file start-v1.csv (CSV, C-alpha atoms)
chain,number,residue,atom,x,y,z
J,286,MET,CA,-30.7,33.5,23.8
J,287,SER,CA,-28.5,31.6,26.2
J,288,ALA,CA,-31.1,28.8,26.4
J,289,ARG,CA,-31.0,28.5,22.6
J,290,ASN,CA,-27.2,28.3,22.7
J,291,GLN,CA,-27.3,25.5,25.2
J,292,GLU,CA,-29.8,23.7,23.0
J,293,THR,CA,-27.5,24.0,20.0
J,294,GLU,CA,-24.6,22.7,22.0
J,295,ALA,CA,-26.6,19.6,23.1
J,296,VAL,CA,-27.1,18.5,19.4
J,297,HIS,CA,-25.6,15.0,18.8
J,298,ARG,CA,-24.7,14.0,15.3
J,299,ALA,CA,-24.1,10.4,14.0
J,300,GLY,CA,-23.7,9.1,10.5
J,301,PHE,CA,-21.5,7.4,7.9
J,302,ALA,CA,-18.6,8.8,6.1
J,303,CYS,CA,-17.0,7.0,3.2
J,304,PHE,CA,-13.3,7.2,2.1
J,305,VAL,CA,-12.9,6.7,-1.6
J,306,GLY,CA,-10.0,7.0,-3.9
J,307,ARG,CA,-7.9,4.9,-6.3
J,308,PRO,CA,-6.0,2.0,-4.8
J,309,ASN,CA,-3.2,2.9,-2.4
J,310,ALA,CA,-4.4,6.5,-1.7
J,311,GLY,CA,-4.0,6.1,2.1
J,312,LYS,CA,-7.7,5.4,2.9
J,313,SER,CA,-7.0,2.5,5.3
J,314,THR,CA,-4.1,4.3,7.1
J,315,LEU,CA,-6.4,7.3,7.6
J,316,THR,CA,-9.2,5.1,9.0
J,317,ASN,CA,-6.9,3.5,11.5
J,318,ALA,CA,-5.4,6.9,12.6
J,319,LEU,CA,-8.9,8.4,13.2
J,320,VAL,CA,-10.1,5.3,15.1
J,321,GLY,CA,-6.9,5.2,17.0
J,322,GLN,CA,-6.5,1.4,16.5
J,323,LYS,CA,-5.9,-1.0,13.6
J,324,VAL,CA,-9.3,-1.8,12.0
J,325,ALA,CA,-8.4,-1.8,8.3
J,326,ILE,CA,-5.4,-3.6,6.7
J,327,THR,CA,-2.7,-1.4,5.3
J,328,SER,CA,0.0,-2.3,2.8
J,329,ASN,CA,2.1,-0.6,0.2
J,330,ARG,CA,0.5,-2.8,-2.3
J,331,PRO,CA,-2.5,-1.3,-4.1
J,332,GLN,CA,-5.9,-2.8,-3.7
J,333,THR,CA,-5.4,-4.5,-0.3
J,334,THR,CA,-8.9,-3.6,1.1
J,335,ARG,CA,-11.6,-6.0,0.0
J,336,HIS,CA,-14.3,-5.5,2.6
J,337,THR,CA,-15.9,-2.2,3.6
J,338,VAL,CA,-14.5,-1.8,7.1
J,339,ARG,CA,-16.5,0.4,9.5
J,340,GLY,CA,-14.2,2.2,12.0
J,341,ILE,CA,-16.1,4.1,14.7
J,342,VAL,CA,-14.9,7.4,16.1
J,343,HIS,CA,-16.6,8.3,19.4
J,344,ARG,CA,-16.9,12.0,20.6
J,345,PRO,CA,-19.1,13.4,23.3
J,346,ASP,CA,-21.2,15.3,20.7
J,347,ALA,CA,-20.9,12.9,17.7
J,348,GLN,CA,-20.3,9.4,16.4
J,349,LEU,CA,-18.5,9.2,13.0
J,350,ILE,CA,-18.7,5.8,11.3
J,351,LEU,CA,-16.0,5.4,8.7
J,352,VAL,CA,-16.6,3.1,5.8
J,353,ASP,CA,-13.3,2.2,4.1
J,354,THR,CA,-14.0,0.9,0.6
J,355,PRO,CA,-11.8,-1.0,-1.9
J,356,GLY,CA,-10.1,1.4,-4.4
J,357,LEU,CA,-12.2,2.0,-7.4
J,358,HIS,CA,-10.3,0.8,-10.5
J,359,LYS,CA,-10.6,-0.6,-14.0
J,360,PRO,CA,-11.5,-4.2,-13.3
J,361,ARG,CA,-9.7,-7.1,-15.0
J,362,THR,CA,-11.3,-9.9,-13.1
J,363,LEU,CA,-14.7,-10.9,-11.7
J,364,LEU,CA,-13.3,-10.1,-8.2
J,365,GLY,CA,-12.4,-6.6,-9.5
J,366,GLU,CA,-16.0,-6.1,-10.8
J,367,ARG,CA,-17.4,-7.1,-7.5
J,368,LEU,CA,-15.1,-4.8,-5.6
J,369,ASN,CA,-16.2,-1.9,-7.8
J,370,ASP,CA,-19.9,-2.8,-7.1
J,371,VAL,CA,-19.2,-2.6,-3.4
J,372,VAL,CA,-17.8,0.9,-3.8
J,373,ARG,CA,-20.8,2.2,-5.7
J,374,THR,CA,-23.3,0.7,-3.4
J,375,THR,CA,-21.5,2.3,-0.4
J,376,TRP,CA,-21.4,5.7,-2.0
J,377,ALA,CA,-25.2,5.6,-2.4
J,378,GLU,CA,-25.8,5.0,1.3
J,379,VAL,CA,-23.4,7.3,3.2
J,380,ASP,CA,-23.9,10.9,4.6
J,381,VAL,CA,-20.6,12.3,3.4
J,382,ILE,CA,-17.9,11.2,1.0
J,383,GLY,CA,-14.1,11.8,1.6
J,384,PHE,CA,-12.1,11.6,-1.6
J,385,CYS,CA,-8.5,10.7,-0.8
J,386,LEU,CA,-5.8,11.9,-3.2
J,387,PRO,CA,-2.1,11.4,-2.4
J,388,ALA,CA,-0.1,14.6,-2.2
J,389,ASP,CA,3.0,13.0,-3.9
J,390,GLN,CA,1.2,12.0,-7.1
J,391,LYS,CA,-0.2,14.3,-9.8
J,392,LEU,CA,-3.9,13.9,-10.6
J,393,GLY,CA,-4.2,11.1,-13.1
J,394,PRO,CA,-6.9,9.4,-15.2
J,395,GLY,CA,-7.9,7.2,-12.2
J,396,ASP,CA,-8.6,10.3,-10.0
J,397,ARG,CA,-10.6,11.9,-12.8
J,398,PHE,CA,-12.6,8.7,-13.4
J,399,ILE,CA,-13.6,8.7,-9.7
J,400,ALA,CA,-14.3,12.4,-9.5
J,401,LYS,CA,-16.6,12.1,-12.6
J,402,GLU,CA,-18.5,9.3,-10.8
J,403,LEU,CA,-18.7,11.5,-7.6
J,404,ALA,CA,-20.1,14.4,-9.7
J,405,GLY,CA,-23.1,12.2,-10.5
J,406,ILE,CA,-23.9,11.8,-6.8
J,407,LYS,CA,-25.6,15.2,-6.4
J,408,LYS,CA,-26.9,15.4,-2.9
J,409,THR,CA,-24.0,13.9,-0.9
J,410,PRO,CA,-21.5,16.4,0.4
J,411,LYS,CA,-17.9,15.7,-0.8
J,412,VAL,CA,-14.7,16.6,1.1
J,413,ALA,CA,-11.3,16.3,-0.7
J,414,ILE,CA,-8.6,14.9,1.6
J,415,ILE,CA,-5.0,15.2,0.4
J,416,THR,CA,-3.1,12.4,2.0
J,417,LYS,CA,0.6,11.6,2.5
J,418,THR,CA,1.5,15.3,2.9
J,419,ASP,CA,4.6,14.2,4.9
J,420,LEU,CA,6.1,13.1,1.5
J,421,VAL,CA,6.1,16.5,-0.2
J,422,ASP,CA,7.3,20.1,0.2
J,423,SER,CA,4.9,23.1,0.6
J,424,LYS,CA,5.1,24.1,-3.1
J,425,THR,CA,4.1,20.7,-4.3
J,426,LEU,CA,1.2,20.6,-1.7
J,427,ALA,CA,0.0,24.1,-2.8
J,428,GLU,CA,0.0,22.9,-6.5
J,429,GLN,CA,-2.0,19.8,-5.5
J,430,LEU,CA,-4.6,21.9,-3.6
J,431,ILE,CA,-5.1,24.2,-6.6
J,432,ALA,CA,-5.4,21.2,-9.0
J,433,ILE,CA,-8.0,19.5,-6.8
J,434,ASP,CA,-10.1,22.7,-6.5
J,435,GLN,CA,-9.9,23.1,-10.3
J,436,LEU,CA,-11.0,19.4,-10.8
J,437,GLY,CA,-14.3,20.0,-8.9
J,438,LYS,CA,-15.0,23.2,-10.9
J,439,GLU,CA,-14.3,21.4,-14.2
J,440,LEU,CA,-16.9,18.7,-13.3
J,441,GLY,CA,-19.5,21.2,-12.0
J,442,PHE,CA,-19.4,20.7,-8.3
J,443,GLU,CA,-17.8,22.3,-5.3
J,444,TRP,CA,-15.9,20.5,-2.5
J,445,GLN,CA,-17.3,21.2,0.9
J,446,GLN,CA,-13.7,21.3,2.2
J,447,ILE,CA,-10.2,20.5,0.9
J,448,VAL,CA,-8.0,19.3,3.8
J,449,PRO,CA,-4.4,18.2,3.7
J,450,VAL,CA,-3.5,15.4,6.1
J,451,SER,CA,-0.6,13.1,7.1
J,452,ALA,CA,-1.9,10.0,8.9
J,453,VAL,CA,1.6,8.7,9.4
J,454,GLY,CA,2.9,12.0,10.7
J,455,ASP,CA,-0.3,12.5,12.7
J,456,LYS,CA,-0.9,16.0,11.1
J,457,GLN,CA,-4.4,17.3,10.9
J,458,VAL,CA,-5.9,13.8,11.5
J,459,GLN,CA,-8.4,15.2,14.0
J,460,LEU,CA,-9.2,18.1,11.7
J,461,VAL,CA,-10.6,15.6,9.2
J,462,ALA,CA,-13.1,14.4,11.8
J,463,ASP,CA,-13.9,18.0,12.8
J,464,LEU,CA,-14.8,18.8,9.2
J,465,LEU,CA,-16.8,15.6,8.5
J,466,ILE,CA,-18.9,15.7,11.7
J,467,PRO,CA,-20.9,18.9,10.9
J,468,LEU,CA,-22.0,17.2,7.6
J,469,LEU,CA,-23.6,14.3,9.5
J,470,PRO,CA,-27.3,14.3,10.4
J,471,GLU,CA,-28.5,14.9,14.0
J,472,SER,CA,-28.9,11.5,15.5
J,473,PRO,CA,-28.3,9.6,18.8
J,474,PRO,CA,-25.2,7.2,18.7
J,475,LEU,CA,-25.7,4.3,16.3
J,476,TYR,CA,-23.2,2.0,18.0
J,477,PRO,CA,-22.4,1.3,21.7
J,478,GLU,CA,-19.6,3.3,23.4
J,479,GLY,CA,-16.4,1.4,23.1
J,480,ASP,CA,-17.2,-0.4,19.8
J,481,LEU,CA,-14.4,0.5,17.3
J,482,THR,CA,-15.7,-1.6,14.3
J,483,ASP,CA,-18.7,-3.8,13.4
J,484,GLU,CA,-16.5,-6.2,11.4
J,485,PRO,CA,-16.9,-9.8,12.7
J,486,GLU,CA,-13.8,-10.9,14.6
J,487,GLN,CA,-13.2,-13.8,12.1
J,488,VAL,CA,-13.1,-11.4,9.2
J,489,MET,CA,-10.6,-9.1,11.0
J,490,VAL,CA,-8.4,-12.0,12.0
J,491,ALA,CA,-8.4,-13.2,8.3
J,492,GLU,CA,-7.5,-9.7,7.2
J,493,LEU,CA,-4.6,-9.5,9.6
J,494,ILE,CA,-3.2,-12.8,8.4
J,495,ARG,CA,-3.6,-11.6,4.8
J,496,GLU,CA,-1.8,-8.3,5.6
J,497,ALA,CA,1.2,-10.3,7.0
J,498,ALA,CA,1.2,-12.6,4.0
J,499,LEU,CA,1.3,-9.7,1.6
J,500,GLU,CA,4.5,-8.3,3.1
J,501,GLY,CA,7.5,-8.9,1.0
J,502,VAL,CA,6.0,-11.2,-1.7
J,503,ARG,CA,6.6,-10.8,-5.4
J,504,ASP,CA,4.5,-8.3,-7.4
J,505,GLU,CA,2.3,-11.0,-9.0
J,506,LEU,CA,1.0,-12.3,-5.7
J,507,PRO,CA,-1.0,-9.6,-3.8
J,508,HIS,CA,-4.3,-10.1,-5.5
J,509,SER,CA,-3.9,-13.9,-5.6
J,510,ILE,CA,-4.0,-14.2,-1.8
J,511,ALA,CA,-7.2,-14.9,0.2
J,512,VAL,CA,-7.5,-16.0,3.8
J,513,VAL,CA,-10.4,-17.9,5.4
J,514,VAL,CA,-10.5,-18.5,9.2
J,515,GLU,CA,-12.1,-22.0,9.5
J,516,GLU,CA,-12.5,-21.9,13.3
J,517,MET,CA,-11.7,-19.9,16.5
J,518,ILE,CA,-12.1,-22.0,19.6
J,519,PRO,CA,-10.9,-21.6,23.2
J,520,ARG,CA,-8.5,-24.4,24.2
J,521,GLU,CA,-10.1,-26.8,26.7
J,522,ASN,CA,-8.9,-27.4,30.2
J,523,ARG,CA,-6.8,-24.3,30.5
J,524,PRO,CA,-6.5,-22.4,33.8
J,525,ALA,CA,-8.8,-19.4,33.9
J,526,ASP,CA,-5.8,-17.0,34.2
J,527,ARG,CA,-4.0,-18.6,31.2
J,528,PRO,CA,-6.6,-18.9,28.4
J,529,LEU,CA,-5.5,-19.8,24.8
J,530,LEU,CA,-7.5,-19.4,21.6
J,531,ASP,CA,-6.9,-21.9,18.8
J,532,ILE,CA,-7.3,-20.3,15.4
J,533,HIS,CA,-7.2,-22.5,12.3
J,534,ALA,CA,-6.9,-20.6,9.0
J,535,ASN,CA,-6.2,-21.4,5.3
J,536,VAL,CA,-4.2,-19.1,3.0
J,537,TYR,CA,-5.5,-19.6,-0.5
J,538,ILE,CA,-3.4,-18.9,-3.7
J,539,GLU,CA,-4.4,-19.4,-7.3
J,540,ARG,CA,-1.6,-21.6,-8.7
J,541,PRO,CA,0.6,-24.4,-7.3
J,542,SER,CA,3.7,-22.5,-8.3
J,543,GLN,CA,2.8,-19.7,-5.8
J,544,LYS,CA,2.8,-22.1,-2.9
J,545,GLY,CA,6.6,-22.1,-2.5
J,546,ILE,CA,6.6,-18.3,-2.5
J,547,ILE,CA,4.2,-18.1,0.4
J,548,ILE,CA,5.7,-21.0,2.4
J,549,GLY,CA,9.4,-20.0,1.7
J,550,PRO,CA,12.5,-22.2,2.2
J,551,LYS,CA,11.9,-24.8,4.8
J,552,GLY,CA,8.6,-23.0,5.8
J,553,SER,CA,10.4,-19.8,6.9
J,554,ARG,CA,8.1,-17.3,5.2
J,555,LEU,CA,4.9,-19.0,6.5
J,556,LYS,CA,6.4,-19.1,10.0
J,557,GLU,CA,7.1,-15.3,9.7
J,558,VAL,CA,3.6,-14.6,8.5
J,559,GLY,CA,2.3,-16.6,11.5
J,560,MET,CA,4.4,-14.7,14.0
J,561,LYS,CA,3.6,-11.3,12.7
J,562,SER,CA,-0.1,-11.8,12.4
J,563,ARG,CA,-0.4,-13.6,15.7
J,564,LYS,CA,1.0,-10.5,17.5
J,565,HIS,CA,-1.7,-8.2,15.9
J,566,ILE,CA,-4.4,-10.8,16.5
J,567,GLU,CA,-3.5,-11.1,20.2
J,568,ALA,CA,-3.6,-7.3,20.4
J,569,LEU,CA,-7.0,-7.2,18.7
J,570,LEU,CA,-8.6,-10.0,20.8
J,571,GLY,CA,-6.8,-9.3,24.0
J,572,THR,CA,-5.9,-13.0,24.5
J,573,PRO,CA,-3.0,-15.4,23.8
J,574,VAL,CA,-3.5,-17.2,20.5
J,575,PHE,CA,-2.2,-20.5,18.9
J,576,LEU,CA,-2.4,-19.9,15.1
J,577,ASP,CA,-2.5,-22.9,12.8
J,578,LEU,CA,-1.9,-21.8,9.1
J,579,HIS,CA,-2.2,-23.9,6.0
J,580,VAL,CA,-1.6,-22.9,2.3
J,581,LYS,CA,-4.0,-24.2,-0.2
J,582,VAL,CA,-4.5,-23.8,-4.0
J,583,ALA,CA,-7.9,-22.5,-5.2
J,584,LYS,CA,-7.3,-22.4,-9.0
J,585,ASP,CA,-8.0,-19.0,-10.6
J,586,TRP,CA,-10.4,-18.1,-7.7
J,587,GLN,CA,-10.5,-14.4,-8.7
J,588,ARG,CA,-12.4,-15.4,-11.9
J,589,ASP,CA,-14.6,-18.2,-10.6
J,590,PRO,CA,-18.0,-17.1,-9.1
J,591,LYS,CA,-18.3,-20.3,-7.1
J,592,GLN,CA,-14.9,-19.9,-5.5
J,593,LEU,CA,-15.5,-16.2,-4.9
J,594,ARG,CA,-18.6,-17.1,-2.9
J,595,LYS,CA,-16.7,-19.7,-0.9
J,596,LEU,CA,-14.0,-17.2,-0.1
J,597,GLY,CA,-16.5,-14.6,1.1
J,598,PHE,CA,-16.8,-12.2,-1.9

call {"tool": "encode", "arguments": {"input": "start-v1.csv", "output": "structure tokens"}}
result
Amino acid sequence: MSARNQETEAVHRAGFACFVGRPNAGKSTLTNALVGQKVAITSNRPQTTRHTVRGIVHRPDAQLILVDTPGLHKPRTLLGERLNDVVRTTWAEVDVIGFCLPADQKLGPGDRFIAKELAGIKKTPKVAIITKTDLVDSKTLAEQLIAIDQLGKELGFEWQQIVPVSAVGDKQVQLVADLLIPLLPESPPLYPEGDLTDEPEQVMVAELIREAALEGVRDELPHSIAVVVEEMIPRENRPADRPLLDIHANVYIERPSQKGIIIGPKGSRLKEVGMKSRKHIEALLGTPVFLDLHVKVAKDWQRDPKQLRKLGF
């Protein structure tokens, strides 16, 4: 009997879990909290995630690979349609789905729309994750738990688990991993120890710049901003103990009138974007950085297939 117990303990699990939910449901914040480092951009603006970011959680007995998708929504542009396609493709390929629902908002048509889609994915286990619990009292949280349980029953499926969490308050974050891991297949690790994401560095750097550019801009701008890193090259003739990485990046907006908003009076906003993003980039890459930013207009890029391709969508 004891030999069998030892065998059970030695099982290693590895696989992919996908966080879904409508925009701004706390998916990226939860991904970062579980990984213990910033691998997904966060913003209080809805729909800031455009790439599926894989964050990797390493444990002695398991490797949990988190796929953070864009929020599923009713698309109004070609970009919106492409983001929704990304979500559905991801759902079809993961081992477990975590549906994120904010505790401070009653279930709405957007949540029901996603839950209905999830009901069609029969074989994949689904865990309901109630996010942002630090924003509500226990009565509101209890009502949300009951409503989510009921939603599954209405649509003819059962949640494997329903778990409340606060990524900002660091409450029950590790419990989310504890509940997802047993639903993964037995497998050796899929990524080397120490890897926290498989996103290319240039994509992550572009995302950090875009996150800084999103802060404090007017409501109409968030979806109009795209960032492309043109090159990342070590500065020549630097002493070995004082390296410097030159990063040249373009911030694209859709209309000339938006240029002034991003640049700010006498370039003050763009300077602030550069300073904020540089700090995060240096932390990510572990090296001092010289960041060269330029703002360019790519007219109506969200609706133009050719421009979407050029900007990496």

call {"tool": "residues_around", "arguments": {"input": "start-v1.csv", "residues": "segment 372-374 of chain J", "least_positions_apart": "3", "cutoff": "6 Å", "atoms": "all atoms listed in the file", "output": "list of chain:residue names"}}
result
J:Thr354, J:Asn369, J:Ala377

call {"tool": "atom_distance", "arguments": {"input": "start-v1.csv", "atom1": "atom CA of Leu578 of chain J", "atom2": "atom CA of Ser562 of chain J"}}
result
10.7 Å

call {"tool": "residues_around", "arguments": {"input": "start-v1.csv", "residues": "Val574 of chain J", "least_positions_apart": "2", "cutoff": "7 Å", "atoms": "only C-alpha atoms", "output": "tab-separated table (two decimals) with C-alpha atoms, keeping the file's coordinate frame"}}
result
chain	number	residue	atom	x	y	z
J	529	LEU	CA	-5.50	-19.80	24.80
J	530	LEU	CA	-7.50	-19.40	21.60
J	531	ASP	CA	-6.90	-21.90	18.80
J	563	ARG	CA	-0.40	-13.60	15.70
J	567	GLU	CA	-3.50	-11.10	20.20
J	572	THR	CA	-5.90	-13.00	24.50
J	576	LEU	CA	-2.40	-19.90	15.10

call {"tool": "atom_distance", "arguments": {"input": "start-v1.csv", "atom1": "atom CA of Val582 of chain J", "atom2": "atom CA of Ile538 of chain J"}}
result
5.0 Å

call {"tool": "closest_residue", "arguments": {"input": "start-v1.csv", "among": "J:Ala310, J:Val558, J:Val320, J:Leu493", "to": "Thr418 of chain J", "atoms": "only C-alpha atoms"}}
result
J:Ala310

call {"tool": "closest_residue", "arguments": {"input": "start-v1.csv", "among": "J:Ile341, J:Val381, J:Leu315, J:Leu363", "to": "Gln587 of chain J", "atoms": "all atoms listed in the file"}}
result
J:Leu363

call {"tool": "residues_around", "arguments": {"input": "start-v1.csv", "residues": "Val379 of chain J", "least_positions_apart": "5", "cutoff": "10 Å", "atoms": "only C-alpha atoms", "output": "count of residues only"}}
result
11

call {"tool": "decode", "arguments": {"input": "start-v1.csv", "residues": "segment 565-576 of chain J", "atoms": "all heavy atoms", "output": "short mmCIF file (atom, residue, chain, number, x, y, z; two decimals), in the first residue's frame"}}
result
data_model
loop_
_atom_site.label_atom_id
_atom_site.label_comp_id
_atom_site.auth_asym_id
_atom_site.auth_seq_id
_atom_site.Cartn_x
_atom_site.Cartn_y
_atom_site.Cartn_z
N HIS J 565 9.69 49.28 -16.39
CA HIS J 565 9.18 47.90 -16.47
C HIS J 565 10.02 47.04 -17.42
O HIS J 565 10.25 45.86 -17.17
CB HIS J 565 7.72 47.89 -16.92
CG HIS J 565 6.77 48.39 -15.88
ND1 HIS J 565 6.70 47.83 -14.61
CD2 HIS J 565 5.86 49.39 -15.90
CE1 HIS J 565 5.77 48.46 -13.90
NE2 HIS J 565 5.26 49.42 -14.66
N ILE J 566 10.46 47.66 -18.53
CA ILE J 566 11.26 46.92 -19.52
C ILE J 566 12.59 46.51 -18.91
O ILE J 566 13.06 45.38 -19.07
CB ILE J 566 11.47 47.76 -20.81
CG1 ILE J 566 10.13 47.95 -21.55
CG2 ILE J 566 12.48 47.10 -21.74
CD1 ILE J 566 10.14 49.07 -22.59
N GLU J 567 13.22 47.44 -18.17
CA GLU J 567 14.50 47.13 -17.53
C GLU J 567 14.35 46.01 -16.50
O GLU J 567 15.20 45.13 -16.39
CB GLU J 567 15.09 48.40 -16.88
CG GLU J 567 15.60 49.38 -17.92
CD GLU J 567 16.21 50.66 -17.34
OE1 GLU J 567 15.94 50.97 -16.16
OE2 GLU J 567 16.96 51.32 -18.07
N ALA J 568 13.22 46.03 -15.77
CA ALA J 568 12.96 44.96 -14.80
C ALA J 568 12.76 43.62 -15.51
O ALA J 568 13.24 42.58 -15.06
CB ALA J 568 11.73 45.30 -13.97
N LEU J 569 12.07 43.66 -16.65
CA LEU J 569 11.80 42.44 -17.42
C LEU J 569 13.10 41.87 -18.01
O LEU J 569 13.35 40.66 -17.93
CB LEU J 569 10.81 42.75 -18.55
CG LEU J 569 10.56 41.64 -19.58
CD1 LEU J 569 9.65 40.56 -19.02
CD2 LEU J 569 9.95 42.21 -20.86
N LEU J 570 13.91 42.73 -18.62
CA LEU J 570 15.09 42.26 -19.35
C LEU J 570 16.35 42.19 -18.48
O LEU J 570 17.35 41.59 -18.87
CB LEU J 570 15.36 43.15 -20.56
CG LEU J 570 14.21 43.28 -21.58
CD1 LEU J 570 14.60 44.26 -22.69
CD2 LEU J 570 13.84 41.93 -22.19
N GLY J 571 16.32 42.86 -17.32
CA GLY J 571 17.47 42.83 -16.42
C GLY J 571 18.68 43.58 -16.95
O GLY J 571 19.81 43.22 -16.67
N THR J 572 18.41 44.63 -17.74
CA THR J 572 19.53 45.42 -18.28
C THR J 572 19.08 46.87 -18.50
O THR J 572 17.90 47.11 -18.77
CB THR J 572 20.01 44.81 -19.63
OG1 THR J 572 21.14 45.55 -20.10
CG2 THR J 572 18.95 44.85 -20.71
N PRO J 573 20.01 47.85 -18.37
CA PRO J 573 19.63 49.24 -18.65
C PRO J 573 19.21 49.41 -20.12
O PRO J 573 19.74 48.73 -21.01
CB PRO J 573 20.90 50.04 -18.35
CG PRO J 573 21.72 49.15 -17.49
CD PRO J 573 21.38 47.74 -17.91
N VAL J 574 18.25 50.31 -20.34
CA VAL J 574 17.66 50.45 -21.67
C VAL J 574 17.62 51.92 -22.09
O VAL J 574 17.36 52.80 -21.27
CB VAL J 574 16.21 49.87 -21.63
CG1 VAL J 574 15.35 50.43 -22.74
CG2 VAL J 574 16.24 48.35 -21.69
N PHE J 575 17.92 52.18 -23.36
CA PHE J 575 17.64 53.49 -23.95
C PHE J 575 16.44 53.29 -24.87
O PHE J 575 16.47 52.48 -25.81
CB PHE J 575 18.84 54.01 -24.77
CG PHE J 575 18.51 55.24 -25.57
CD1 PHE J 575 18.47 56.49 -24.94
CD2 PHE J 575 18.20 55.16 -26.91
CE1 PHE J 575 18.15 57.64 -25.67
CE2 PHE J 575 17.87 56.30 -27.65
CZ PHE J 575 17.85 57.55 -27.02
N LEU J 576 15.34 54.01 -24.57
CA LEU J 576 14.10 53.78 -25.31
C LEU J 576 13.81 54.98 -26.22
O LEU J 576 13.69 56.11 -25.77
CB LEU J 576 12.95 53.58 -24.31
CG LEU J 576 11.57 53.27 -24.87
CD1 LEU J 576 11.56 52.01 -25.72
CD2 LEU J 576 10.55 53.12 -23.73
#
